[in-house]
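Heads up, the thing below is written out as structure tokens.
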Amino acid sequence: MTIADQVTGTPIAGTADTAVRAKTAAPAITLPVVGERELRLDLFRGMALWLIFIDHLPPNLLTWFTIRNYGFSDATEIFIFISGYTAAFVYGRAMLESGFVIATARILRRVWQIYVAHVFLFTIFLAEISYVATRFENPLYTEEMGIMDFLKQPDVTIVQALLLRFRPVNMDVLPLYIVLMLALPLILWLMKWRPDVSLGLSVLLYVVTWQFDLYFSAYPNGFWAFNPLAWQLLFVFGAWCALGGAKRMSRILASPVTMWIAIAYLVASFYVTMTWYVPQLGHFMPKRIEQWMYPIDKTDLDVLRFTHFLALAALTVRFLPRTWPGLRSPWLRPLILCGQHSLEIFCLGVFLAFAGHFILAEVSGGPVMHALISLSGILIMWGMAWLISWYKSEADKSGSKTKNAVSNADMAGGG
Amino acid sequence: MKAKVLLSLILLCGCVAASSARAEDAVPAGPPACEVPAYLLTTESQLPKTAEIIRDNKPLEILVIGSRSTAIPSSEDSSYPARLQAILKEKLPSEPVHVSVEIQSKKTAEEAASGFVKLMEAKKPTLVIWQTGTVDAIRSIDPDEFRSAVTDGVSALQQAGADVVLMNLQYSPRTETMMSVPPYLDNMRVVAQEHEIPLFDRFAIMRQWNDQGQFDLFNPTRGSELAKQVHDCLGRALAQFVIDAAHVGPAQQQN
């Protein structure tokens, strides 16, 4: 039930046989050898989930540990890239083994789950906002309370929310993910044909989106906060890497030139970020560069953000090998656990952020309380991830063996 | 996003940085809670026309263009434009100051800016303080469109011969989960930078007050006492900001 599901290869019988079939069916893409779960993906996805949770809370001490303070990109990039990677890995295999229709069916079931999760979160949001609307009447904020006007038309609002057109703040990632997953069958089908052409098409769509300012409209007005037409680039790039692209890039990734370019870029973006907090540093910043660079657009996945993510990823892959023993250390276990159940933990994180805001508003808002809420939120996420693992490994085991085998395959495929 | 980050810094080092810019304030009635760290009240951009008017002791006509958060319902005399006028008069005793207010409630930046040419012909102010962004954030207007609307508005005001100060949104913790403010803060900062005009960072200042415990902005009170105090402090901060940006020398200032 993770957002793009287990990265463990499906435990299929006759691996060699499958490999041969895969080769004849689709010479264009290569799936990594079935083997151990890629823990690095879980680790970084777990980390992204924690960071997204912290970023959704009002700024506090822990906010200083989130990567968006030190460069252009943030946890959302990591999350979408890894989601693309794992989704392509799992469903790409399904497509090679069982064909387009079966893979599409599994993907659609996954989309449905994400949709239900989104609607669930929306319900909680409605409860929160209705509470505030009835209790809060500070004359200082009569204007801001205009945001509640949609409560006057619950019929329209709720239908628009079901259509994914009305999306409150902090609830933007799941609709983006739903749209990307809906496009996944097409992406995988293209990848099966020519991976590089698919990636090229994705870049083209990104460029066209920027050129012609394409966007998804939202209700009551405005646009989607994460434009799927732009963000698909990261998702498709993740898929491309999963389906053999990463392997083919390994030489580029291993070259010292790449490393130094990445380091230089990260340092430069770190400096730029510093000028946001220490305005004095801005004096050393050429005006021309400033005007060219700003604003760094998150909605349309600014090129600067994308390249920043690439630089981060290149260095990570270089300095953190798949076999790094630390991945097995108990200290990283909570992160990895969270990363392995990302849909549940993501939703929990959004809910906890709502709850955190609520506590800060109703009880007290001191920095100590802030830090306490962030920490306990993370602990709750960890506990929940552990519980889900326990259910999967222990509680479900008591079921009949045959049923279990089927559902396991489903799980790897997106159940 | 950037603004959020910036603000969290304020939260962290606020205690250190809170070197009182207003410690030697001459107005005795002011509550002691109006402290704003100096860096929130300094700007590199200048107000040349306002400076000239003050130097020549000519009447200073200020126009505040705002939305509903410019006013307090049913107590106009306590809103920040009224306080700005009172405090400027105290600080610049030899200077005739008049502040007028144009409230464009429920109008986006674009809708407000469309009326600027006429407005400027009618009022002919030396200095315009344009407070905007809230309605755009509520309606989640495309930030790019918002930026070009603010750019057009500022250009129109400048062409009509006025100095311009931009004022951004209020810090409103209760609605933080409901609307996305950072893109609008960022874009206003960008426009201010491009036009080299001062930006009065109302958001950061109010956030500072809340984090320092000077005001409890989470307060669900129905009374207008809190609103009056906040507006009084905003008026003071704004007066200080205008005086600094116009580089009024100590000779003209009543300290």
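Starting from 1 in every chain, residues are counted up; chains themselves are A, B, ... following the order of the structure tokens, and ligands are numbered from 1 as listed.
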### Message
Contacts from chain A to chain B, 6 Å maximum, only C-alpha atoms: show me the residue list as an MDAnalysis selection string.
### Response
chainID A and resid 59 136:140 143 147 169 222 277 361
### Near-B:Ala239 list (8 Å; only C-alpha atoms; drop same-chain fewer than 2 positions) as a list in words
Leu84, Ile87, Leu88, Gly235, Arg236, Ala237, Phe241, Val242 and Ile243 of chain B
Prev. selection, all heavy atoms, output as an mmCIF file, in the first residue's frame:
data_model
loop_
_atom_site.group_PDB
_atom_site.id
_atom_site.type_symbol
_atom_site.label_atom_id
_atom_site.label_comp_id
_atom_site.auth_asym_id
_atom_site.auth_seq_id
_atom_site.Cartn_x
_atom_site.Cartn_y
_atom_site.Cartn_z
ATOM 1 N N LEU B 84 -0.937 56.868 11.232
ATOM 2 C CA LEU B 84 0.226 57.344 10.482
ATOM 3 C C LEU B 84 0.217 58.871 10.437
ATOM 4 O O LEU B 84 1.236 59.527 10.694
ATOM 5 C CB LEU B 84 0.181 56.767 9.064
ATOM 6 C CG LEU B 84 1.203 57.334 8.074
ATOM 7 C CD1 LEU B 84 2.605 56.872 8.423
ATOM 8 C CD2 LEU B 84 0.865 56.915 6.643
ATOM 9 N N ILE B 87 1.040 60.407 13.870
ATOM 10 C CA ILE B 87 2.432 60.248 14.308
ATOM 11 C C ILE B 87 3.379 61.071 13.438
ATOM 12 O O ILE B 87 4.336 61.672 13.936
ATOM 13 C CB ILE B 87 2.800 58.761 14.353
ATOM 14 C CG1 ILE B 87 2.015 58.106 15.491
ATOM 15 C CG2 ILE B 87 4.280 58.550 14.556
ATOM 16 C CD1 ILE B 87 1.769 56.662 15.337
ATOM 17 N N LEU B 88 3.079 61.145 12.143
ATOM 18 C CA LEU B 88 3.918 61.986 11.282
ATOM 19 C C LEU B 88 3.832 63.444 11.721
ATOM 20 O O LEU B 88 4.819 64.176 11.706
ATOM 21 C CB LEU B 88 3.499 61.845 9.815
ATOM 22 C CG LEU B 88 4.043 60.624 9.068
ATOM 23 C CD1 LEU B 88 3.526 60.620 7.636
ATOM 24 C CD2 LEU B 88 5.565 60.597 9.075
ATOM 25 N N GLY B 235 0.866 51.897 12.346
ATOM 26 C CA GLY B 235 0.990 53.303 11.977
ATOM 27 C C GLY B 235 2.341 53.866 12.392
ATOM 28 O O GLY B 235 3.007 54.575 11.626
ATOM 29 N N ARG B 236 2.774 53.514 13.608
ATOM 30 C CA ARG B 236 4.082 53.974 14.090
ATOM 31 C C ARG B 236 5.217 53.447 13.223
ATOM 32 O O ARG B 236 6.106 54.192 12.813
ATOM 33 C CB ARG B 236 4.331 53.466 15.509
ATOM 34 C CG ARG B 236 3.660 54.256 16.554
ATOM 35 C CD ARG B 236 3.531 53.454 17.839
ATOM 36 N NE ARG B 236 2.486 54.056 18.626
ATOM 37 C CZ ARG B 236 2.690 55.147 19.354
ATOM 38 N NH1 ARG B 236 3.888 55.688 19.425
ATOM 39 N NH2 ARG B 236 1.693 55.691 20.011
ATOM 40 N N ALA B 237 5.161 52.135 12.973
ATOM 41 C CA ALA B 237 6.224 51.528 12.180
ATOM 42 C C ALA B 237 6.263 52.141 10.789
ATOM 43 O O ALA B 237 7.330 52.435 10.244
ATOM 44 C CB ALA B 237 6.008 50.017 12.086
ATOM 45 N N PHE B 241 9.214 54.148 8.958
ATOM 46 C CA PHE B 241 9.690 53.623 7.683
ATOM 47 C C PHE B 241 9.734 54.733 6.627
ATOM 48 O O PHE B 241 10.724 54.889 5.904
ATOM 49 C CB PHE B 241 8.737 52.498 7.250
ATOM 50 C CG PHE B 241 9.145 51.745 6.020
ATOM 51 C CD1 PHE B 241 10.191 50.837 6.072
ATOM 52 C CD2 PHE B 241 8.469 51.914 4.820
ATOM 53 C CE1 PHE B 241 10.554 50.107 4.949
ATOM 54 C CE2 PHE B 241 8.829 51.199 3.699
ATOM 55 C CZ PHE B 241 9.876 50.294 3.765
ATOM 56 N N VAL B 242 8.666 55.524 6.553
ATOM 57 C CA VAL B 242 8.599 56.606 5.568
ATOM 58 C C VAL B 242 9.688 57.647 5.861
ATOM 59 O O VAL B 242 10.391 58.106 4.956
ATOM 60 C CB VAL B 242 7.193 57.244 5.573
ATOM 61 C CG1 VAL B 242 7.191 58.557 4.802
ATOM 62 C CG2 VAL B 242 6.175 56.279 5.004
ATOM 63 N N ILE B 243 9.836 57.983 7.135
ATOM 64 C CA ILE B 243 10.835 58.987 7.498
ATOM 65 C C ILE B 243 12.238 58.506 7.126
ATOM 66 O O ILE B 243 13.042 59.242 6.564
ATOM 67 C CB ILE B 243 10.731 59.312 9.009
ATOM 68 C CG1 ILE B 243 9.492 60.177 9.234
ATOM 69 C CG2 ILE B 243 11.973 60.023 9.503
ATOM 70 C CD1 ILE B 243 9.193 60.431 10.678
#
### Task
Just the residues within 8 Å of A:His56, please, counting only C-alpha atoms, with nothing from its chain fewer than 5 positions along; format it as a PyMOL selection string.
chain A and resi 170+350+353
Include all heavy atoms and write out the residues we just selected as a compact mmCIF listing (two decimals), in the first residue's frame.
# COMPACT_ATOMS: atom_id res chain seq x y z
N ASN A 170 -1.83 23.00 1.15
CA ASN A 170 -1.21 21.78 1.70
C ASN A 170 -1.86 20.50 1.20
O ASN A 170 -1.51 19.42 1.64
CB ASN A 170 -1.25 21.74 3.23
CG ASN A 170 -0.28 22.73 3.84
OD1 ASN A 170 0.47 23.37 3.12
ND2 ASN A 170 -0.29 22.84 5.14
N VAL A 350 -0.12 15.09 6.49
CA VAL A 350 -0.99 16.23 6.20
C VAL A 350 -1.98 16.42 7.35
O VAL A 350 -2.20 17.53 7.83
CB VAL A 350 -1.74 16.01 4.87
CG1 VAL A 350 -2.77 17.11 4.65
CG2 VAL A 350 -0.77 15.98 3.71
N ALA A 353 -0.27 17.86 10.33
CA ALA A 353 0.00 19.29 10.16
C ALA A 353 -1.25 20.11 10.48
O ALA A 353 -1.17 21.14 11.15
CB ALA A 353 0.49 19.57 8.75
### Query
How would you write, as an MDAnalysis selection string, the set of residues in stretch 135-268 of chain A that DSSP gives as alpha helix (DSSP H)?
chainID A and resid 135 154:162 173:193 195:212 228:240 246:248 250:254 256:268
### Query
Smallest atom-to-atom distance to B:Ile197: which of B:Ser155, B:Ala82, B:Val164, B:Gln214, using only C-alpha atoms?
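The closest residue to B:Ile197 is B:Val164.
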### Task
Please measure the separation of atom CA of A:Met148 and atom CA of A:Ile178, giving the value in Å to one decimal.
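Between atom CA of A:Met148 and atom CA of A:Ile178 the gap is 26.4 Å.
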### Query
When distances are computed from only C-alpha atoms, which of B:Val97, B:Leu41, B:Val36, B:Leu92 shows the smallest separation from B:Val248?
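Going through B:Val97, B:Leu41, B:Val36, B:Leu92 one by one, the smallest distance to B:Val248 is for B:Leu92.
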### Message
List the spatial neighbours of stretch 150-154 of chain A as number ranges by chain - criterion: any atom at most 9 Å away, only C-alpha atoms, same-chain residues fewer than 6 positions off excluded.
### Response
A: 126, 129-130, 133, 220
### Message
Need the shell around B:Gln85: protein/DNA/RNA residues with any atom at most 12 Å away, counting only C-alpha atoms. Skip same-chain ones fewer than 2 positions apart. Format as a PyMOL selection string?
### Response
chain B and resi 60-64+77-83+87-93+95-101+232+234-236+238-240+242
May I have the residues from that selection written out with N, CA and C atoms, as a compact mmCIF listing (two decimals), in the first residue's frame?
# COMPACT_ATOMS: atom_id res chain seq x y z
N LEU B 60 2.52 67.81 2.80
CA LEU B 60 2.75 66.44 2.33
C LEU B 60 1.41 65.73 2.24
N GLU B 61 1.05 65.34 1.04
CA GLU B 61 -0.22 64.63 0.81
C GLU B 61 0.08 63.15 0.60
N ILE B 62 -0.42 62.34 1.50
CA ILE B 62 -0.20 60.89 1.40
C ILE B 62 -1.51 60.20 1.10
N LEU B 63 -1.47 59.26 0.16
CA LEU B 63 -2.67 58.50 -0.15
C LEU B 63 -2.42 57.03 0.17
N VAL B 64 -3.27 56.47 1.01
CA VAL B 64 -3.17 55.04 1.29
C VAL B 64 -4.24 54.33 0.46
N ASP B 77 -10.86 56.04 13.06
CA ASP B 77 -9.81 56.90 13.61
C ASP B 77 -8.64 56.10 14.17
N SER B 78 -8.88 54.82 14.42
CA SER B 78 -7.80 54.02 15.00
C SER B 78 -7.08 53.18 13.95
N SER B 79 -7.49 53.27 12.69
CA SER B 79 -6.84 52.45 11.68
C SER B 79 -5.45 53.01 11.38
N TYR B 80 -4.61 52.19 10.77
CA TYR B 80 -3.22 52.62 10.65
C TYR B 80 -3.01 53.89 9.81
N PRO B 81 -3.83 54.16 8.78
CA PRO B 81 -3.60 55.43 8.08
C PRO B 81 -3.82 56.64 8.98
N ALA B 82 -4.86 56.55 9.82
CA ALA B 82 -5.14 57.67 10.74
C ALA B 82 -3.99 57.82 11.74
N ARG B 83 -3.49 56.67 12.23
CA ARG B 83 -2.38 56.72 13.18
C ARG B 83 -1.11 57.25 12.50
N ILE B 87 1.04 60.41 13.87
CA ILE B 87 2.43 60.25 14.31
C ILE B 87 3.38 61.07 13.44
N LEU B 88 3.08 61.14 12.14
CA LEU B 88 3.92 61.99 11.28
C LEU B 88 3.83 63.44 11.72
N LYS B 89 2.65 63.85 12.13
CA LYS B 89 2.49 65.23 12.58
C LYS B 89 3.31 65.51 13.83
N GLU B 90 3.36 64.52 14.71
CA GLU B 90 4.16 64.68 15.92
C GLU B 90 5.64 64.70 15.61
N LYS B 91 6.03 63.83 14.66
CA LYS B 91 7.45 63.71 14.36
C LYS B 91 7.96 64.86 13.51
N LEU B 92 7.10 65.38 12.66
CA LEU B 92 7.51 66.48 11.78
C LEU B 92 6.63 67.68 12.08
N PRO B 93 6.88 68.34 13.19
CA PRO B 93 5.95 69.37 13.65
C PRO B 93 5.81 70.54 12.69
N GLU B 95 5.65 70.39 9.57
CA GLU B 95 5.25 69.86 8.27
C GLU B 95 3.74 69.60 8.24
N PRO B 96 3.01 70.25 7.33
CA PRO B 96 1.59 69.90 7.22
C PRO B 96 1.44 68.54 6.53
N VAL B 97 0.84 67.59 7.22
CA VAL B 97 0.69 66.25 6.66
C VAL B 97 -0.78 65.92 6.55
N HIS B 98 -1.16 65.36 5.43
CA HIS B 98 -2.53 64.89 5.31
C HIS B 98 -2.55 63.50 4.70
N VAL B 99 -3.21 62.58 5.37
CA VAL B 99 -3.30 61.21 4.85
C VAL B 99 -4.75 60.95 4.44
N SER B 100 -4.95 60.58 3.20
CA SER B 100 -6.30 60.18 2.80
C SER B 100 -6.29 58.69 2.45
N VAL B 101 -7.45 58.08 2.52
CA VAL B 101 -7.54 56.64 2.35
C VAL B 101 -8.50 56.29 1.22
N ASP B 232 -2.31 50.78 15.63
CA ASP B 232 -1.50 51.86 16.18
C ASP B 232 -0.02 51.56 15.96
N LEU B 234 1.24 49.53 13.75
CA LEU B 234 1.54 49.56 12.32
C LEU B 234 1.73 50.99 11.85
N GLY B 235 0.87 51.90 12.35
CA GLY B 235 0.99 53.30 11.98
C GLY B 235 2.34 53.87 12.39
N ARG B 236 2.77 53.51 13.61
CA ARG B 236 4.08 53.97 14.09
C ARG B 236 5.22 53.45 13.22
N LEU B 238 5.09 52.36 10.23
CA LEU B 238 5.01 52.92 8.88
C LEU B 238 5.57 54.34 8.84
N ALA B 239 5.24 55.12 9.88
CA ALA B 239 5.76 56.49 9.95
C ALA B 239 7.29 56.47 9.99
N GLN B 240 7.82 55.61 10.85
CA GLN B 240 9.27 55.49 10.95
C GLN B 240 9.88 55.09 9.61
N VAL B 242 8.67 55.52 6.55
CA VAL B 242 8.60 56.61 5.57
C VAL B 242 9.69 57.65 5.86
